[in-house]
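Asks: One file: protein.txt (compact mmCIF, C-alpha atoms and all ligand atoms).
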```
# COMPACT_ATOMS: atom_id res chain seq x y z
CA MET A 55 -34.44 -20.63 25.22
CA ARG A 56 -30.85 -21.88 25.00
CA GLY A 57 -30.94 -22.13 21.23
CA TRP A 58 -32.19 -18.58 21.02
CA MET A 59 -29.40 -17.29 23.30
CA GLY A 60 -26.83 -19.26 21.35
CA LYS A 61 -27.97 -17.72 18.09
CA LEU A 62 -27.83 -14.25 19.56
CA ARG A 63 -24.32 -14.86 20.85
CA ALA A 64 -23.15 -16.19 17.50
CA PHE A 65 -24.65 -13.12 15.86
CA PHE A 66 -22.70 -10.77 18.12
CA ILE A 67 -19.44 -12.68 17.71
CA PHE A 68 -19.76 -12.63 13.93
CA SER A 69 -20.63 -8.93 13.88
CA ALA A 70 -17.61 -8.12 16.03
CA LEU A 71 -15.36 -10.29 13.85
CA THR A 72 -16.65 -8.67 10.68
CA LEU A 73 -15.85 -5.23 12.04
CA LEU A 74 -12.41 -6.35 13.19
CA LEU A 75 -11.51 -8.10 9.96
CA THR A 76 -12.50 -5.24 7.71
CA GLY A 77 -9.92 -3.07 9.51
CA CYS A 78 -12.21 -0.35 8.38
CA GLY A 79 -11.21 3.25 8.57
CA VAL A 80 -7.56 2.72 9.53
CA ASP A 81 -6.06 6.09 8.77
CA ASN A 82 -3.19 6.25 6.27
CA LEU A 83 -3.86 2.71 5.09
CA SER A 84 -7.39 2.68 3.76
CA ALA A 85 -8.43 3.23 0.16
CA LEU A 86 -11.73 4.40 1.68
CA LYS A 87 -10.00 7.44 3.18
CA PRO A 88 -8.23 8.91 0.16
CA LYS A 89 -5.33 11.25 0.98
CA GLY A 90 -3.95 11.65 -2.52
CA TYR A 91 -4.97 12.45 -6.07
CA GLY A 92 -4.86 8.88 -7.42
CA SER A 93 -6.76 7.34 -4.53
CA ASP A 94 -9.32 10.15 -4.79
CA LEU A 95 -10.04 9.27 -8.42
CA LEU A 96 -10.36 5.59 -7.55
CA PHE A 97 -12.59 6.33 -4.57
CA ASP A 98 -14.97 8.30 -6.79
CA LEU A 99 -15.12 5.39 -9.26
CA MET A 100 -15.94 3.02 -6.42
CA MET A 101 -18.74 5.31 -5.26
CA ILE A 102 -20.22 5.61 -8.77
CA SER A 103 -20.27 1.82 -9.21
CA ILE A 104 -21.79 1.29 -5.78
CA ALA A 105 -24.47 3.91 -6.51
CA ILE A 106 -25.35 2.22 -9.82
CA MET A 107 -25.41 -1.18 -8.15
CA LEU A 108 -27.73 0.08 -5.41
CA PHE A 109 -30.01 1.74 -7.96
CA VAL A 110 -30.37 -1.50 -9.97
CA PHE A 111 -30.72 -3.62 -6.84
CA ILE A 112 -33.47 -1.49 -5.31
CA ILE A 113 -35.54 -1.29 -8.52
CA VAL A 114 -35.24 -5.01 -9.24
CA MET A 115 -36.13 -5.89 -5.66
CA ALA A 116 -39.12 -3.53 -5.69
CA ILE A 117 -40.50 -5.08 -8.90
CA TYR A 118 -39.78 -8.55 -7.53
CA THR A 119 -41.65 -7.90 -4.28
CA PHE A 120 -44.55 -6.25 -6.08
CA VAL A 121 -44.98 -9.21 -8.47
CA LEU A 122 -44.63 -11.72 -5.65
CA ILE A 123 -47.50 -10.15 -3.71
CA ARG A 124 -49.74 -8.86 -6.49
CA TYR A 125 -49.71 -12.04 -8.58
CA ARG A 126 -49.54 -14.67 -5.85
CA GLN A 127 -51.86 -17.67 -5.92
CA ARG A 128 -55.01 -16.82 -4.01
CA LYS A 129 -57.34 -19.12 -2.10
CA GLY A 130 -60.13 -20.38 -4.34
CA GLN A 131 -58.35 -19.35 -7.53
CA GLU A 132 -55.99 -22.33 -7.81
CA ASP A 133 -57.04 -23.02 -11.39
CA PHE A 134 -57.03 -19.40 -12.54
CA ILE A 135 -54.50 -18.65 -15.30
CA PRO A 136 -53.92 -14.91 -15.87
CA LYS A 137 -53.77 -13.38 -19.34
CA GLN A 138 -50.53 -14.47 -21.08
CA THR A 139 -48.54 -11.74 -22.81
CA GLU A 140 -45.74 -12.37 -25.26
CA GLY A 141 -43.45 -9.58 -26.42
CA ASN A 142 -43.87 -5.93 -25.44
CA LYS A 143 -41.97 -3.38 -27.48
CA ALA A 144 -42.07 -0.61 -24.92
CA LEU A 145 -40.71 -2.87 -22.18
CA GLU A 146 -37.99 -4.31 -24.41
CA VAL A 147 -36.81 -0.82 -25.33
CA ILE A 148 -36.82 0.28 -21.69
CA TRP A 149 -34.76 -2.62 -20.41
CA THR A 150 -32.24 -2.26 -23.21
CA VAL A 151 -31.83 1.49 -22.99
CA ILE A 152 -31.53 1.76 -19.20
CA PRO A 153 -28.53 -0.62 -18.95
CA ILE A 154 -26.85 1.17 -21.85
CA ILE A 155 -27.22 4.47 -20.02
CA LEU A 156 -25.92 2.89 -16.79
CA LEU A 157 -22.88 1.47 -18.61
CA LEU A 158 -22.16 4.87 -20.12
CA VAL A 159 -22.40 6.53 -16.71
CA LEU A 160 -19.84 3.96 -15.53
CA ALA A 161 -17.61 3.95 -18.61
CA VAL A 162 -17.09 7.66 -19.20
CA PRO A 163 -15.53 8.47 -15.79
CA THR A 164 -13.60 5.18 -15.81
CA VAL A 165 -11.94 5.91 -19.15
CA GLN A 166 -11.32 9.49 -18.06
CA ALA A 167 -9.66 8.34 -14.81
CA THR A 168 -7.58 5.77 -16.69
CA PHE A 169 -6.09 8.48 -18.91
CA ASP A 170 -5.73 10.85 -15.98
CA LEU A 171 -3.75 8.27 -14.00
CA ALA A 172 -1.46 7.70 -17.01
CA ASP A 173 -0.90 11.42 -17.57
CA GLU A 174 2.82 12.19 -17.48
CA SER A 175 2.74 15.65 -19.05
CA THR A 176 4.97 17.27 -16.42
CA LYS A 177 7.45 14.39 -16.12
CA GLY A 178 11.04 15.51 -16.60
CA ASP A 179 10.18 19.21 -16.19
CA GLU A 180 12.43 21.46 -14.15
CA GLY A 181 11.93 20.77 -10.42
CA VAL A 182 9.73 17.70 -10.96
CA THR A 183 11.02 14.63 -9.13
CA THR A 184 11.26 11.19 -10.69
CA ILE A 185 12.13 8.33 -8.35
CA GLU A 186 13.37 4.89 -9.34
CA VAL A 187 11.52 2.17 -7.45
CA THR A 188 12.90 -1.35 -7.34
CA GLY A 189 10.99 -4.23 -5.78
CA ASN A 190 13.15 -6.99 -4.27
CA GLN A 191 12.31 -10.10 -2.29
CA TYR A 192 11.23 -8.65 0.29
CA TRP A 193 12.19 -5.01 0.41
CA TRP A 194 11.96 -1.81 -1.62
CA HIS A 195 14.72 0.36 -3.01
CA PHE A 196 14.20 4.04 -3.85
CA GLY A 197 16.71 5.94 -5.96
CA TYR A 198 16.65 9.68 -6.67
CA PRO A 199 18.98 9.90 -9.68
CA ASP A 200 18.72 13.70 -10.10
CA ASP A 201 19.73 14.25 -6.48
CA GLU A 202 22.13 11.33 -6.14
CA ILE A 203 20.25 9.92 -3.18
CA SER A 204 19.51 6.29 -2.43
CA THR A 205 17.33 4.91 0.30
CA SER A 206 15.24 1.86 1.11
CA GLN A 207 11.97 0.96 2.87
CA ASP A 208 10.87 4.56 3.58
CA LEU A 209 10.03 6.64 0.51
CA TYR A 210 10.24 10.41 1.11
CA ILE A 211 8.11 12.66 -1.09
CA PRO A 212 6.97 16.30 -0.97
CA THR A 213 3.24 17.01 -0.50
CA GLY A 214 1.14 18.83 -3.07
CA GLU A 215 3.36 17.89 -6.00
CA ARG A 216 3.23 15.14 -8.55
CA VAL A 217 6.16 12.78 -8.06
CA TYR A 218 6.79 10.28 -10.85
CA LEU A 219 7.94 6.72 -10.30
CA ASP A 220 9.92 4.53 -12.72
CA MET A 221 9.39 1.02 -11.48
CA LYS A 222 11.10 -2.31 -11.93
CA SER A 223 11.93 -5.50 -10.05
CA SER A 224 15.25 -7.23 -9.46
CA ASP A 225 13.74 -10.70 -9.22
CA VAL A 226 10.05 -11.67 -9.51
CA ILE A 227 6.95 -9.55 -10.09
CA HIS A 228 5.97 -7.36 -7.14
CA SER A 229 3.27 -4.75 -6.88
CA PHE A 230 3.68 -1.32 -5.32
CA TRP A 231 0.57 -0.25 -3.45
CA VAL A 232 -0.05 2.71 -1.14
CA PRO A 233 -3.83 2.46 -0.77
CA SER A 234 -4.45 5.89 0.74
CA ILE A 235 -2.46 7.84 -1.88
CA ALA A 236 -2.63 5.98 -5.17
CA GLY A 237 -3.59 2.86 -7.03
CA LYS A 238 -1.20 -0.06 -7.38
CA MET A 239 1.34 -0.85 -10.06
CA ASP A 240 3.31 -4.01 -10.83
CA THR A 241 7.09 -3.95 -10.85
CA ASN A 242 8.43 -6.32 -13.52
CA PRO A 243 11.83 -7.96 -13.93
CA GLY A 244 13.73 -7.21 -17.13
CA ASP A 245 13.31 -4.10 -19.26
CA ASN A 246 9.56 -3.91 -18.90
CA ASP A 247 9.45 -0.79 -16.68
CA ASN A 248 6.13 0.55 -15.43
CA THR A 249 5.44 4.11 -14.39
CA MET A 250 2.98 5.89 -12.15
CA TYR A 251 2.81 9.02 -10.04
CA LEU A 252 2.13 9.89 -6.42
CA GLU A 253 0.50 13.10 -5.26
CA ALA A 254 -0.13 13.32 -1.52
CA TYR A 255 -2.45 16.05 -0.23
CA GLU A 256 -1.28 16.14 3.38
CA GLU A 257 1.81 15.33 5.39
CA GLY A 258 1.84 11.92 6.94
CA VAL A 259 3.25 8.43 7.02
CA TYR A 260 1.33 6.26 4.58
CA TRP A 261 1.47 2.51 4.62
CA GLY A 262 2.48 0.57 1.54
CA HIS A 263 2.34 -3.12 0.80
CA CYS A 264 3.50 -5.47 -1.90
CA ALA A 265 0.29 -6.56 -3.59
CA GLU A 266 1.57 -9.42 -5.73
CA LEU A 267 2.32 -12.79 -4.13
CA CYS A 268 6.10 -12.99 -4.49
CA GLY A 269 7.33 -15.64 -2.04
CA PRO A 270 7.09 -16.83 1.58
CA SER A 271 7.60 -13.36 3.09
CA HIS A 272 5.35 -11.53 0.66
CA SER A 273 2.99 -10.47 3.42
CA LEU A 274 5.96 -8.87 5.24
CA MET A 275 7.05 -6.75 2.28
CA ASP A 276 5.80 -3.51 3.79
CA PHE A 277 7.11 -0.02 3.24
CA ARG A 278 6.14 3.55 4.11
CA VAL A 279 5.62 6.71 2.12
CA ILE A 280 6.65 9.69 4.22
CA ALA A 281 5.07 12.82 2.79
CA VAL A 282 6.54 16.07 4.10
CA SER A 283 6.15 19.73 3.14
CA PRO A 284 8.21 20.84 0.11
CA GLU A 285 10.51 22.86 2.40
CA GLU A 286 11.14 19.85 4.62
CA TYR A 287 11.67 17.71 1.56
CA ASP A 288 14.42 20.05 0.33
CA GLN A 289 15.95 19.87 3.80
CA TRP A 290 15.84 16.08 3.69
CA LYS A 291 17.59 16.03 0.33
CA GLU A 292 20.29 18.31 1.63
CA ASP A 293 20.72 16.16 4.75
CA MET A 294 20.99 13.02 2.65
CA GLN A 295 23.54 14.57 0.33
CA ASN A 296 25.77 15.64 3.20
CA VAL A 297 25.90 12.45 5.20
CA ASP A 298 28.98 11.85 7.28
CA PRO A 299 29.05 8.08 7.87
CA GLU A 300 31.97 8.28 10.34
CA ALA A 301 31.17 6.56 13.62
CA THR A 302 31.68 8.11 17.05
CA ALA A 303 34.53 6.63 19.10
CA GLU A 304 32.18 4.18 20.85
CA ALA A 305 30.90 2.75 17.58
CA GLN A 306 34.24 2.69 15.76
CA GLU A 307 34.61 -1.05 16.14
CA GLY A 308 31.06 -1.54 14.91
CA GLN A 309 31.83 0.49 11.81
CA ASP A 310 34.91 -1.63 11.05
CA LEU A 311 32.88 -4.81 11.48
CA TYR A 312 30.17 -3.36 9.25
CA GLU A 313 32.60 -2.45 6.51
CA ASN A 314 34.13 -5.92 6.56
CA ASN A 315 30.94 -7.98 6.74
CA CYS A 316 27.99 -5.99 5.51
CA MET A 317 29.05 -3.19 3.16
CA GLY A 318 29.13 -5.53 0.14
CA CYS A 319 25.33 -5.75 0.22
CA HIS A 320 24.43 -2.60 2.18
CA ALA A 321 25.76 0.61 0.68
CA ILE A 322 25.91 3.85 2.63
CA GLY A 323 25.58 7.04 0.60
CA ASP A 324 24.37 7.09 -2.97
CA GLY A 325 24.46 3.77 -4.72
CA ALA A 326 22.51 1.69 -7.16
CA ALA A 327 20.10 -0.82 -5.67
CA GLY A 328 22.48 -3.41 -4.22
CA GLN A 329 21.81 -6.89 -2.94
CA GLY A 330 20.48 -5.43 0.29
CA PRO A 331 18.78 -2.21 1.46
CA ASN A 332 20.74 1.04 1.37
CA MET A 333 21.64 1.99 4.96
CA THR A 334 22.40 5.73 4.64
CA ASN A 335 19.55 6.79 6.94
CA PHE A 336 18.97 3.45 8.66
CA ALA A 337 18.38 4.98 12.10
CA ASN A 338 15.53 7.07 10.67
CA ARG A 339 13.60 4.00 9.54
CA THR A 340 10.07 3.68 10.86
CA LYS A 341 10.60 -0.09 11.03
CA ILE A 342 13.52 -2.52 10.64
CA ALA A 343 13.16 -4.40 7.35
CA GLY A 344 9.76 -2.77 6.91
CA VAL A 345 8.04 -4.73 9.69
CA ILE A 346 10.02 -4.91 12.95
CA GLU A 347 9.89 -2.37 15.79
CA PRO A 348 13.17 -0.46 15.74
CA SER A 349 14.92 -1.38 19.00
CA LYS A 350 18.53 -2.41 19.55
CA GLU A 351 17.45 -5.85 20.76
CA ASN A 352 15.43 -6.50 17.62
CA LEU A 353 18.24 -5.18 15.45
CA VAL A 354 20.78 -7.57 16.99
CA ASP A 355 18.33 -10.47 16.62
CA TRP A 356 17.80 -9.55 12.98
CA ILE A 357 21.54 -9.33 12.21
CA VAL A 358 22.24 -12.73 13.77
CA ASN A 359 19.27 -14.52 12.23
CA PRO A 360 17.00 -12.60 9.82
CA GLU A 361 15.22 -15.81 8.85
CA GLN A 362 13.27 -15.86 12.12
CA PHE A 363 11.55 -12.60 11.11
CA LYS A 364 11.20 -12.99 7.35
CA PRO A 365 11.27 -16.57 6.09
CA GLY A 366 13.10 -16.97 2.79
CA ASN A 367 14.69 -13.51 2.81
CA GLN A 368 18.00 -13.02 0.98
CA MET A 369 20.24 -11.99 3.88
CA PRO A 370 22.49 -14.80 5.16
CA ALA A 371 22.28 -15.71 8.87
CA ASN A 372 25.26 -15.93 11.28
CA LEU A 373 27.54 -13.56 9.39
CA VAL A 374 28.78 -12.31 12.76
CA SER A 375 28.57 -13.35 16.41
CA GLU A 376 26.00 -11.83 18.75
CA ASP A 377 28.64 -9.59 20.37
CA GLU A 378 29.77 -8.34 17.00
CA ALA A 379 26.15 -7.82 15.97
CA SER A 380 25.68 -5.67 19.05
CA GLN A 381 28.67 -3.51 18.10
CA ILE A 382 27.40 -3.17 14.54
CA ALA A 383 23.97 -2.25 15.89
CA ASP A 384 25.55 0.61 17.86
CA TYR A 385 27.02 1.90 14.64
CA LEU A 386 23.83 1.48 12.59
CA MET A 387 21.82 3.36 15.21
CA GLU A 388 24.08 6.36 14.69
CA LEU A 389 22.99 6.64 11.06
CA ASP A 390 20.35 9.28 11.67
CA HIS A 391 21.22 12.16 9.45
CA SER A 392 17.92 13.97 9.21
CA ASP A 393 15.11 15.05 11.56
CA VAL A 394 12.74 15.42 8.65
CA GLY A 395 9.69 13.21 8.94
CA ALA A 396 10.35 12.44 12.61
CA SER A 397 7.21 14.23 13.78
CA ALA A 398 5.21 12.54 11.04
CA SER A 399 6.57 9.17 12.12
CA GLU A 400 5.43 9.73 15.68
CA ALA A 401 1.88 10.21 14.46
CA GLU A 402 2.01 6.92 12.65
CA VAL A 403 -0.97 4.65 13.14
CA GLU A 404 -0.66 1.64 15.40
CA GLU A 405 -0.66 -1.76 13.81
CA GLU A 406 -3.88 -3.68 14.40
C1 LIG A 501 24.39 -11.18 0.87
C2 LIG A 501 23.95 -9.87 1.11
C3 LIG A 501 23.83 -9.37 2.54
C4 LIG A 501 24.81 -9.27 3.48
C5 LIG A 501 26.27 -9.70 3.39
C6 LIG A 501 24.21 -8.64 4.63
N1 LIG A 501 22.89 -8.37 4.38
FE1 LIG A 501 21.62 -7.37 5.60
N2 LIG A 501 20.14 -7.57 4.25
C7 LIG A 501 20.26 -8.22 3.04
C8 LIG A 501 18.97 -8.26 2.40
C9 LIG A 501 18.64 -8.89 1.06
C10 LIG A 501 18.07 -7.60 3.27
C11 LIG A 501 16.58 -7.38 3.05
C12 LIG A 501 15.83 -8.46 3.76
C13 LIG A 501 14.35 -8.33 3.61
O1 LIG A 501 13.80 -7.39 4.21
O2 LIG A 501 13.76 -9.15 2.92
C14 LIG A 501 18.85 -7.18 4.40
C15 LIG A 501 18.32 -6.42 5.46
C16 LIG A 501 19.06 -5.95 6.51
C17 LIG A 501 18.56 -5.08 7.54
C18 LIG A 501 17.19 -4.38 7.56
C19 LIG A 501 17.36 -3.15 6.68
C20 LIG A 501 16.27 -2.13 6.63
O3 LIG A 501 16.24 -1.44 5.64
O4 LIG A 501 15.47 -1.98 7.55
C21 LIG A 501 19.58 -4.87 8.42
C22 LIG A 501 19.56 -4.02 9.65
C23 LIG A 501 20.70 -5.62 7.93
N3 LIG A 501 20.36 -6.27 6.78
C24 LIG A 501 21.94 -5.66 8.57
C25 LIG A 501 23.03 -6.35 8.08
C26 LIG A 501 24.29 -6.42 8.77
C27 LIG A 501 24.61 -5.72 10.06
C28 LIG A 501 25.10 -7.17 7.98
C29 LIG A 501 26.55 -7.56 8.28
C30 LIG A 501 26.75 -8.33 9.46
C31 LIG A 501 24.37 -7.58 6.82
N4 LIG A 501 23.10 -7.07 6.92
C32 LIG A 501 24.89 -8.34 5.79
C33 LIG A 501 21.40 -8.73 2.48
C34 LIG A 501 22.62 -8.80 3.12
CU CU A 502 6.49 -8.74 -3.33
```
Can the structure in the file be given as C-alpha cells, please?
Ligand code: HEC
Ligand SMILES: [Cu+2]

Replies:
Amino acid sequence: MRGWMGKLRAFFIFSALTLLLTGCGVDNLSALKPKGYGSDLLFDLMMISIAIMLFVFIIVMAIYTFVLIRYRQRKGQEDFIPKQTEGNKALEVIWTVIPIILLLVLAVPTVQATFDLADESTKGDEGVTTIEVTGNQYWWHFGYPDDEISTSQDLYIPTGERVYLDMKSSDVIHSFWVPSIAGKMDTNPGDNDNTMYLEAYEEGVYWGHCAELCGPSHSLMDFRVIAVSPEEYDQWKEDMQNVDPEATAEAQEGQDLYENNCMGCHAIGDGAAGQGPNMTNFANRTKIAGVIEPSKENLVDWIVNPEQFKPGNQMPANLVSEDEASQIADYLMELDHSDVGASASEAEVEEE
C-alpha cells in the first residue's frame, strides 16, 4: 500500500514540476504565443514539423502493434516458421516515396520562411526605421541614427510596421532573442554585422534575452521590446529629442556628482554606445540593468556595488559613497521624459 501511495505522490510532484518548469504560456515571452510576423512564421514551421512527426509516429506504431499481435508466437506452434519473403518492389517504392514527400512538405515552407525572414526590400525607404543594436556584457544598446536618439535596455518600436535592426557586439558574441515577436540573431564583434527585422502585431512589453552564453551574468542579460502605436512612437521620438537633463533644485547636487563620476560611461542625450548604458530615459526603464525592480533602494545598492546583482559586469564598484549614491539616485529618477509605454509597462507580465 505504501509503495503504491509513494508512486502516486512522486507522479503528482513530477507532473507539477513539469508544468512549472515549462513556464508554458507565459504571455509576451513564449514562442508558442506568437505576437509578431517572425515568430508567426516560426510557429507555423514548428506546427508542420510536429504534425509530420505525429503522422509518422502513429503509422509506425500502428504497424508495430499489428505485427506484434498478428505474428506473435502461439501456443502449440513453437516450431512453426512462417513463409519468408525477400524483397518487395511495391513496398520499397512506398517507403522511399512517402519520406520524400514528407521532406518536401517540410522543406518548401522552411526555405520560403528563410527567405521571407531575410527579406529587406523596404529597408532604407522613407519612413522605415532602422535601429542599431549593440550587445555588451551584459546590457543592450539601441541607437536610432536617423532620429539621433540613443537608449539602452528598453527598445521602443511602433506596431504594425517592419523595423530593421543592424546588429553588432562590442565584446563577445551575444544573441538577440525576443521569442514572442521574432527569431533570434547573433551579434558579432568586429565588422561582421547581422541584420533582422521586428514586426509586432499588438502593443505590449515583450521580453528579450541574450541567447548565447557570454559570461557569468549571461542569464541576467535581459531586455524589453516596448511596442507602441505609431502615433505614440512618434510622440516618444519627439520626447526623446527634446530632453532637458537639468535637475530640479533638490537633485542639483546629484547631477553634479553624476557628471563628475558617471557621465564618462553613461551618456545622456544622443550618443554612440558608450562603456555603459545610455541614461537619457533612465527613469522610464521597466527594470534597472534589465533585471532589478526599479526602486530607489535597489538603485542605490546597484550604484554602490553592482557586482552583487550581476557578477562580472563592467561597472566598477564603490565609485561613490552611499550618501552620494542616494543623491545621484534622486537625480536619475528625474530622468523620465516620456509617458509613452507607461501603460504598456504596467501590463507587463510578472516574473515566475
Ligand atoms: C567604467 C564605466 C562606468 C562608470 C564610471 C559607471 N558605470 Fe554605471 N554601468 C556601467 C556598465 C558597463 C553598466 C551595465 C552593467 C550591466 O548591466 O551589465 C552600468 C549600469 C548602470 C546602471 C543600470 C543602467 C540601466 O540601464 O538600467 C546604473 C543605474 C548605473 N550604471 C549607474 C551609475 C552611476 C550612478 C555611476 C556613477 C557613480 C556609474 N554608473 C558609473 C559602467 C559604468
Ligand atoms: Cu550575452

Asks: Would you work out the distance separating atom CA of Gln166 of chain A from atom CA of Tyr218 of chain A, expressed in Å to one decimal?

Replies: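 Rounded to one decimal, the two atoms are 19.5 Å apart.
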
Asks: Would you tabulate, counting all atoms listed in the file, all residues of chain A that have an atom at most 6 Å from an atom of ligand CU 502 (chain A), showing the closest pair of atoms and their distance in Å to one decimal, sorted by chain then ascending number, as a Markdown table?

Replies:
```
| residue | atom | partner | partner_atom | distance |
| --- | --- | --- | --- | --- |
| A:Tyr192 | CA | A:CU502 | CU | 6.0 |
| A:His228 | CA | A:CU502 | CU | 4.1 |
| A:Cys264 | CA | A:CU502 | CU | 4.7 |
| A:Glu266 | CA | A:CU502 | CU | 5.5 |
| A:Leu267 | CA | A:CU502 | CU | 5.9 |
| A:Cys268 | CA | A:CU502 | CU | 4.4 |
| A:His272 | CA | A:CU502 | CU | 5.0 |
| A:Met275 | CA | A:CU502 | CU | 6.0 |
```

Asks: Please provide as a list in words all residues within 8 Å of Asp208 of chain A, with the sequence filter that same-chain residues fewer than 6 positions apart are discarded (counting all atoms listed in the file).

Replies: Phe277, Arg278, Val279, Ile280, Arg339 and Thr340 of chain A

Asks: Determine, for each residue of chain A having at least one atom at most 7 Å from an atom of ligand LIG 501 (chain A), the closest pair of atoms and their separation in Å to one decimal, counting only C-alpha atoms and all ligand atoms; order by chain and ascending number, as JSON lines.

Replies:
```
{"residue": "A:Gln191", "atom": "CA", "partner": "A:LIG501", "partner_atom": "O2", "distance": 5.5}
{"residue": "A:Tyr192", "atom": "CA", "partner": "A:LIG501", "partner_atom": "O2", "distance": 3.7}
{"residue": "A:Trp193", "atom": "CA", "partner": "A:LIG501", "partner_atom": "O1", "distance": 4.8}
{"residue": "A:Ser206", "atom": "CA", "partner": "A:LIG501", "partner_atom": "O3", "distance": 5.7}
{"residue": "A:Gln207", "atom": "CA", "partner": "A:LIG501", "partner_atom": "O3", "distance": 5.6}
{"residue": "A:Tyr312", "atom": "CA", "partner": "A:LIG501", "partner_atom": "C29", "distance": 5.6}
{"residue": "A:Asn315", "atom": "CA", "partner": "A:LIG501", "partner_atom": "C29", "distance": 4.7}
{"residue": "A:Cys316", "atom": "CA", "partner": "A:LIG501", "partner_atom": "C29", "distance": 3.5}
{"residue": "A:Gly318", "atom": "CA", "partner": "A:LIG501", "partner_atom": "C5", "distance": 6.0}
{"residue": "A:Cys319", "atom": "CA", "partner": "A:LIG501", "partner_atom": "C2", "distance": 4.4}
{"residue": "A:His320", "atom": "CA", "partner": "A:LIG501", "partner_atom": "N1", "distance": 6.4}
{"residue": "A:Gln329", "atom": "CA", "partner": "A:LIG501", "partner_atom": "C2", "distance": 5.5}
{"residue": "A:Gly330", "atom": "CA", "partner": "A:LIG501", "partner_atom": "C8", "distance": 3.8}
{"residue": "A:Pro331", "atom": "CA", "partner": "A:LIG501", "partner_atom": "O3", "distance": 5.0}
{"residue": "A:Asn332", "atom": "CA", "partner": "A:LIG501", "partner_atom": "O3", "distance": 6.7}
{"residue": "A:Met333", "atom": "CA", "partner": "A:LIG501", "partner_atom": "O3", "distance": 6.4}
{"residue": "A:Phe336", "atom": "CA", "partner": "A:LIG501", "partner_atom": "O3", "distance": 6.4}
{"residue": "A:Arg339", "atom": "CA", "partner": "A:LIG501", "partner_atom": "O4", "distance": 6.6}
{"residue": "A:Lys341", "atom": "CA", "partner": "A:LIG501", "partner_atom": "O4", "distance": 6.3}
{"residue": "A:Ile342", "atom": "CA", "partner": "A:LIG501", "partner_atom": "O4", "distance": 3.7}
{"residue": "A:Ala343", "atom": "CA", "partner": "A:LIG501", "partner_atom": "O4", "distance": 3.4}
{"residue": "A:Gly344", "atom": "CA", "partner": "A:LIG501", "partner_atom": "O4", "distance": 5.8}
{"residue": "A:Leu353", "atom": "CA", "partner": "A:LIG501", "partner_atom": "C22", "distance": 6.1}
{"residue": "A:Trp356", "atom": "CA", "partner": "A:LIG501", "partner_atom": "C22", "distance": 6.7}
{"residue": "A:Ile357", "atom": "CA", "partner": "A:LIG501", "partner_atom": "C24", "distance": 5.2}
{"residue": "A:Lys364", "atom": "CA", "partner": "A:LIG501", "partner_atom": "O2", "distance": 6.4}
{"residue": "A:Asn367", "atom": "CA", "partner": "A:LIG501", "partner_atom": "O2", "distance": 4.5}
{"residue": "A:Gln368", "atom": "CA", "partner": "A:LIG501", "partner_atom": "C9", "distance": 4.2}
{"residue": "A:Met369", "atom": "CA", "partner": "A:LIG501", "partner_atom": "C33", "distance": 3.7}
{"residue": "A:Pro370", "atom": "CA", "partner": "A:LIG501", "partner_atom": "C1", "distance": 5.9}
{"residue": "A:Leu373", "atom": "CA", "partner": "A:LIG501", "partner_atom": "C30", "distance": 5.3}
{"residue": "A:Val374", "atom": "CA", "partner": "A:LIG501", "partner_atom": "C30", "distance": 5.6}
{"residue": "A:Ala379", "atom": "CA", "partner": "A:LIG501", "partner_atom": "C27", "distance": 6.5}
{"residue": "A:Ile382", "atom": "CA", "partner": "A:LIG501", "partner_atom": "C27", "distance": 5.9}
{"residue": "A:Ala383", "atom": "CA", "partner": "A:LIG501", "partner_atom": "C27", "distance": 6.8}
```

Asks: Could you please take those selected residues and save C-alpha atoms as an mmCIF file, in the frame of the given file?

Replies:
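Final output, saved to result.cif:
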```
data_model
loop_
_atom_site.group_PDB
_atom_site.id
_atom_site.type_symbol
_atom_site.label_atom_id
_atom_site.label_comp_id
_atom_site.auth_asym_id
_atom_site.auth_seq_id
_atom_site.Cartn_x
_atom_site.Cartn_y
_atom_site.Cartn_z
ATOM 1 C CA GLN A 191 12.310 -10.100 -2.290
ATOM 2 C CA TYR A 192 11.230 -8.650 0.290
ATOM 3 C CA TRP A 193 12.190 -5.010 0.410
ATOM 4 C CA SER A 206 15.240 1.860 1.110
ATOM 5 C CA GLN A 207 11.970 0.960 2.870
ATOM 6 C CA TYR A 312 30.170 -3.360 9.250
ATOM 7 C CA ASN A 315 30.940 -7.980 6.740
ATOM 8 C CA CYS A 316 27.990 -5.990 5.510
ATOM 9 C CA GLY A 318 29.130 -5.530 0.140
ATOM 10 C CA CYS A 319 25.330 -5.750 0.220
ATOM 11 C CA HIS A 320 24.430 -2.600 2.180
ATOM 12 C CA GLN A 329 21.810 -6.890 -2.940
ATOM 13 C CA GLY A 330 20.480 -5.430 0.290
ATOM 14 C CA PRO A 331 18.780 -2.210 1.460
ATOM 15 C CA ASN A 332 20.740 1.040 1.370
ATOM 16 C CA MET A 333 21.640 1.990 4.960
ATOM 17 C CA PHE A 336 18.970 3.450 8.660
ATOM 18 C CA ARG A 339 13.600 4.000 9.540
ATOM 19 C CA LYS A 341 10.600 -0.090 11.030
ATOM 20 C CA ILE A 342 13.520 -2.520 10.640
ATOM 21 C CA ALA A 343 13.160 -4.400 7.350
ATOM 22 C CA GLY A 344 9.760 -2.770 6.910
ATOM 23 C CA LEU A 353 18.240 -5.180 15.450
ATOM 24 C CA TRP A 356 17.800 -9.550 12.980
ATOM 25 C CA ILE A 357 21.540 -9.330 12.210
ATOM 26 C CA LYS A 364 11.200 -12.990 7.350
ATOM 27 C CA ASN A 367 14.690 -13.510 2.810
ATOM 28 C CA GLN A 368 18.000 -13.020 0.980
ATOM 29 C CA MET A 369 20.240 -11.990 3.880
ATOM 30 C CA PRO A 370 22.490 -14.800 5.160
ATOM 31 C CA LEU A 373 27.540 -13.560 9.390
ATOM 32 C CA VAL A 374 28.780 -12.310 12.760
ATOM 33 C CA ALA A 379 26.150 -7.820 15.970
ATOM 34 C CA ILE A 382 27.400 -3.170 14.540
ATOM 35 C CA ALA A 383 23.970 -2.250 15.890
#
```

Asks: When distances are computed from all atoms listed in the file, which of A:Tyr385, A:Leu156, A:Leu209, A:Ser93 shows the smallest separation from Glu304 of chain A?

Replies: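 Comparing A:Tyr385, A:Leu156, A:Leu209, A:Ser93 against Glu304 of chain A, the winner is A:Tyr385.
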
Asks: Provide the atom CA of Ser392 of chain A to atom CA of Met294 of chain A distance in Å, to one decimal place.

Replies: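 Distance reported for this atom pair: 7.3 Å.
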
Asks: What separation in Å, quoted to one decimal, exists between atom CA of Gln381 of chain A and atom CA of Ala301 of chain A?

Replies: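 Taking atom CA of Gln381 of chain A as the start and atom CA of Ala301 of chain A as the end point, the length is 11.3 Å.
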